[in-house]
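Peer 1: Structure incoming, see below.
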Amino acid sequence: MTDQARPGVAVITFPGSNDDRDALLALELLGAAGVAVWHGDETLPDVAAVVLPGGFAHGDYLRCGAIARFSPAMKAVAEFAAEGGLVLGICNGFQILCEAGLLPGALRPNASLSFLCRDVVLRVGHTDTPFTARCKADQRLTIPIKHGEGCWFADPEQLADLEANRQIVLRYERNPNGAVGDVAGVCNERGNVMGLMPHPEHAVDPLLGSTDGALILGGLVEAARVAAPRLVPAGA
Amino acid sequence: MKATVLVRPKPGILDPQGQAVESSLRELGFAVGDARVGRLVDLEVAASDPAEARAEVERMCDQLLANPLIETYEIELPA
């Protein structure tokens with residue numbers, strides 16, 4: 001059940017997504033009305049933000065996100081983003097957004113070739129994005145990672161451009177995966193699309209060891225509430 | 001018409017798989033260096049001549065089979 005005060009946030013489930021329910025739960029906990037959307041849907045419901053969750057969409061065959069970017073819902077997500085809609089990609093969702101060209105860079109296998117599943121410490125680069133508005137500059141966040149292909153890559157020229165444009169939003173304090181520039185999360189030039197490898201939806205309850213993820217997702221919910229008056233109607 | 005696409009990590013891109021293969025080969029006593037691991041895709045393309053097939057496979061590579069940011073591709077067609 002939802003009410004008028006809760007901004008609608010869509011979470012897209014691809015075949016192979018496995019953090020979609022956790023994302024919905026976290027968003028509900030933080031005051032949003034989570035709306036589950038199937039990747040085969042060609043249109044988005046009337047929501048104020050979209051989350052692409054973690055997992056292994058389409059088996060991650062060929063390259064992570066390479067096939068998922070052609071899911072029908074992704075065309076709607078690209079249009080939503082082009083209109084200035086808020087889009088957050090978490091882990092596999094980040095990989096999909098990079099493959100779709102909505103975010104810069106690409107994700108490659110971890111330098112260690114190991115699947116990494118543990119808490120990491122992140123450093124907030126910029127607080128002038130909707131996703132980090134609740135953070136303090138240079139704040140350290142403890143949020144878990146769980147990925148085999150989180151080694152973000154951009155060539156030196158592109159990285160310099162992104163740094164100049166203030167698009168490097170999160171960096172690892174200690175680089176776990178070989179990512180260029182210790183990059184853990186980036187946004188697009190306009191600042192309405194962000195992707196990150198760590199999982200904020202797994203760090204919203206003290207029982208899970210950290211609530212720092214609530215700063216990121218809470219920022220998204222707040223921005224969704226303010227930026228878009230399109231709310232999910234009661235009972236939707 | 002048969003076609004083969006070779007996809008390689010671009011020079012300068014970290015290739016941990018290639019590094020692991022290289023170190024394993026060295027442990028087996030082989031004197032090797034610069035091992036890089038890519039991907040091979042065999043296809044049966046509906047095309048009447050090699051030029052048409054090549055153009056079609058190039059479109060496949062640009063759209064899906066390779067990510068130009070991190071990979072290069074090479075198309076092989078029967079002579």
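Labels for the structure tokens follow display order: chains A, B, ..., residues from 1 in each chain, ligands from 1.
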Return as JSON lines the residues of chain B lying at most 9 Å from chain A, together with the closest atom-to-atom pair for each and the distance in Å to one decimal, counting only C-alpha atoms, with rows in chain order and ascending residue number.

Peer 2:
```
{"residue": "B:Ile13", "atom": "CA", "partner": "A:Phe153", "partner_atom": "CA", "distance": 8.2}
{"residue": "B:Leu14", "atom": "CA", "partner": "A:Ala111", "partner_atom": "CA", "distance": 7.4}
{"residue": "B:Asp15", "atom": "CA", "partner": "A:Ala111", "partner_atom": "CA", "distance": 7.7}
{"residue": "B:Pro16", "atom": "CA", "partner": "A:Ala111", "partner_atom": "CA", "distance": 5.5}
{"residue": "B:Gln17", "atom": "CA", "partner": "A:Leu113", "partner_atom": "CA", "distance": 7.2}
{"residue": "B:Ala20", "atom": "CA", "partner": "A:Leu113", "partner_atom": "CA", "distance": 8.7}
{"residue": "B:Arg39", "atom": "CA", "partner": "A:Leu62", "partner_atom": "CA", "distance": 8.7}
{"residue": "B:Leu64", "atom": "CA", "partner": "A:Ala66", "partner_atom": "CA", "distance": 6.6}
{"residue": "B:Leu65", "atom": "CA", "partner": "A:Leu62", "partner_atom": "CA", "distance": 7.3}
{"residue": "B:Ala66", "atom": "CA", "partner": "A:Arg63", "partner_atom": "CA", "distance": 8.7}
{"residue": "B:Asn67", "atom": "CA", "partner": "A:Glu99", "partner_atom": "CA", "distance": 7.8}
{"residue": "B:Leu69", "atom": "CA", "partner": "A:Ala106", "partner_atom": "CA", "distance": 7.1}
{"residue": "B:Ile70", "atom": "CA", "partner": "A:Ala106", "partner_atom": "CA", "distance": 7.3}
```

Peer 1: Which residues are close to range 128-143 of chain A, i.e. within 8 Å by only C-alpha atoms, leaving aside same-chain residues fewer than 4 positions away? Reply as a JSON list (two decimals) with C-alpha atoms, in the first residue's frame.

Peer 2:
```json
[["chain", "number", "residue", "atom", "x", "y", "z"],
["A", 119, "ASP", "CA", 32.08, -4.19, 3.46],
["A", 120, "VAL", "CA", 34.20, -1.46, 1.90],
["A", 121, "VAL", "CA", 34.82, 2.12, 2.90],
["A", 122, "LEU", "CA", 33.90, 4.75, 0.34],
["A", 123, "ARG", "CA", 34.78, 8.40, 0.19],
["A", 124, "VAL", "CA", 32.10, 10.84, -1.01],
["A", 169, "VAL", "CA", 30.85, 10.70, -7.04],
["A", 191, "GLY", "CA", 23.77, 14.59, -12.61],
["A", 192, "ASN", "CA", 20.43, 12.78, -12.81],
["A", 194, "MET", "CA", 24.22, 7.58, -11.17],
["A", 198, "PRO", "CA", 28.54, -1.05, -3.74],
["A", 199, "HIS", "CA", 25.06, -1.99, -2.52],
["A", 200, "PRO", "CA", 23.38, 0.79, -0.52],
["A", 202, "HIS", "CA", 22.15, -3.77, 1.89],
["A", 203, "ALA", "CA", 23.12, -1.05, 4.36],
["A", 210, "SER", "CA", 25.77, -0.20, 8.60],
["A", 212, "ASP", "CA", 25.26, 4.38, 5.42],
["A", 213, "GLY", "CA", 23.42, 3.08, 2.37],
["A", 215, "LEU", "CA", 22.21, 8.21, 2.93],
["A", 216, "ILE", "CA", 22.41, 7.36, -0.77],
["A", 217, "LEU", "CA", 18.95, 5.82, -1.17],
["A", 218, "GLY", "CA", 17.40, 8.35, 1.20],
["A", 219, "GLY", "CA", 18.87, 11.11, -0.95],
["A", 220, "LEU", "CA", 17.28, 9.50, -3.98],
["A", 223, "ALA", "CA", 15.04, 14.08, -4.55]]
```

Peer 1: Would you return as a list in words the members of chain B that DSSP assigns to strand (DSSP E) on this structure's backbone?

Peer 2: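 Strand (DSSP E) assignments inside chain B correspond to Lys2, Ala3, Thr4, Val5, Leu6, Val7, Arg8, Pro9, Arg39, Leu40, Val41, Asp42, Leu43, Glu44, Glu71, Thr72, Tyr73, Glu74, Ile75 and Glu76 of chain B.
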
Peer 1: Could you write out that same residue set with C-alpha atoms as a PDB file, in the first residue's frame?

Peer 2:
```
ATOM      1  CA  LYS B   2      30.085 -18.630 -41.884  1.00  0.00           C
ATOM      2  CA  ALA B   3      31.782 -15.785 -40.070  1.00  0.00           C
ATOM      3  CA  THR B   4      34.056 -15.630 -37.043  1.00  0.00           C
ATOM      4  CA  VAL B   5      34.452 -12.642 -34.771  1.00  0.00           C
ATOM      5  CA  LEU B   6      37.548 -12.280 -32.601  1.00  0.00           C
ATOM      6  CA  VAL B   7      37.097  -9.876 -29.696  1.00  0.00           C
ATOM      7  CA  ARG B   8      40.206  -8.752 -27.824  1.00  0.00           C
ATOM      8  CA  PRO B   9      40.764  -6.578 -24.775  1.00  0.00           C
ATOM      9  CA  ARG B  39      36.484 -14.074 -27.040  1.00  0.00           C
ATOM     10  CA  LEU B  40      35.585 -15.902 -30.240  1.00  0.00           C
ATOM     11  CA  VAL B  41      32.096 -15.877 -31.741  1.00  0.00           C
ATOM     12  CA  ASP B  42      31.214 -18.208 -34.641  1.00  0.00           C
ATOM     13  CA  LEU B  43      28.206 -17.186 -36.668  1.00  0.00           C
ATOM     14  CA  GLU B  44      26.146 -18.352 -39.616  1.00  0.00           C
ATOM     15  CA  GLU B  71      37.609  -4.122 -26.811  1.00  0.00           C
ATOM     16  CA  THR B  72      38.680  -4.393 -30.430  1.00  0.00           C
ATOM     17  CA  TYR B  73      37.224  -6.837 -32.916  1.00  0.00           C
ATOM     18  CA  GLU B  74      38.325  -8.598 -36.047  1.00  0.00           C
ATOM     19  CA  ILE B  75      36.006 -10.322 -38.513  1.00  0.00           C
ATOM     20  CA  GLU B  76      37.069 -13.434 -40.399  1.00  0.00           C
TER      21      GLU B  76
END
```

Peer 1: As a PyMOL selection string, please: the residues near range 45-53 of chain A (cut-off 7 Å, only C-alpha atoms, same-chain neighbours under 2 positions excluded).

Peer 2: chain A and resi 7-12+17+19-20+23+43+55+85-90+92-93+224+228+230-232

Peer 1: Chain B: which residues are alpha helix (DSSP H) by DSSP, as a ChimeraX atom specification?

Peer 2: /B:16-27,50-60

Peer 1: Tell me which of A:Gln158, A:Leu97, A:Leu24, A:Cys64 sits closest to Ala81 in chain A, counting only C-alpha atoms.

Peer 2: A:Leu97

Peer 1: Which one is closest to Leu196 in chain A: A:Thr13, A:Gln95, A:Ser71, A:Asn165? Count only C-alpha atoms.

Peer 2: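 Result for the nearest residue to Leu196 in chain A: A:Gln95.
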
Peer 1: Find the distance between CA of Glu58 in chain B and CA of Pro72 in chain A and write it in Å to one decimal.

Peer 2: 23.2 Å
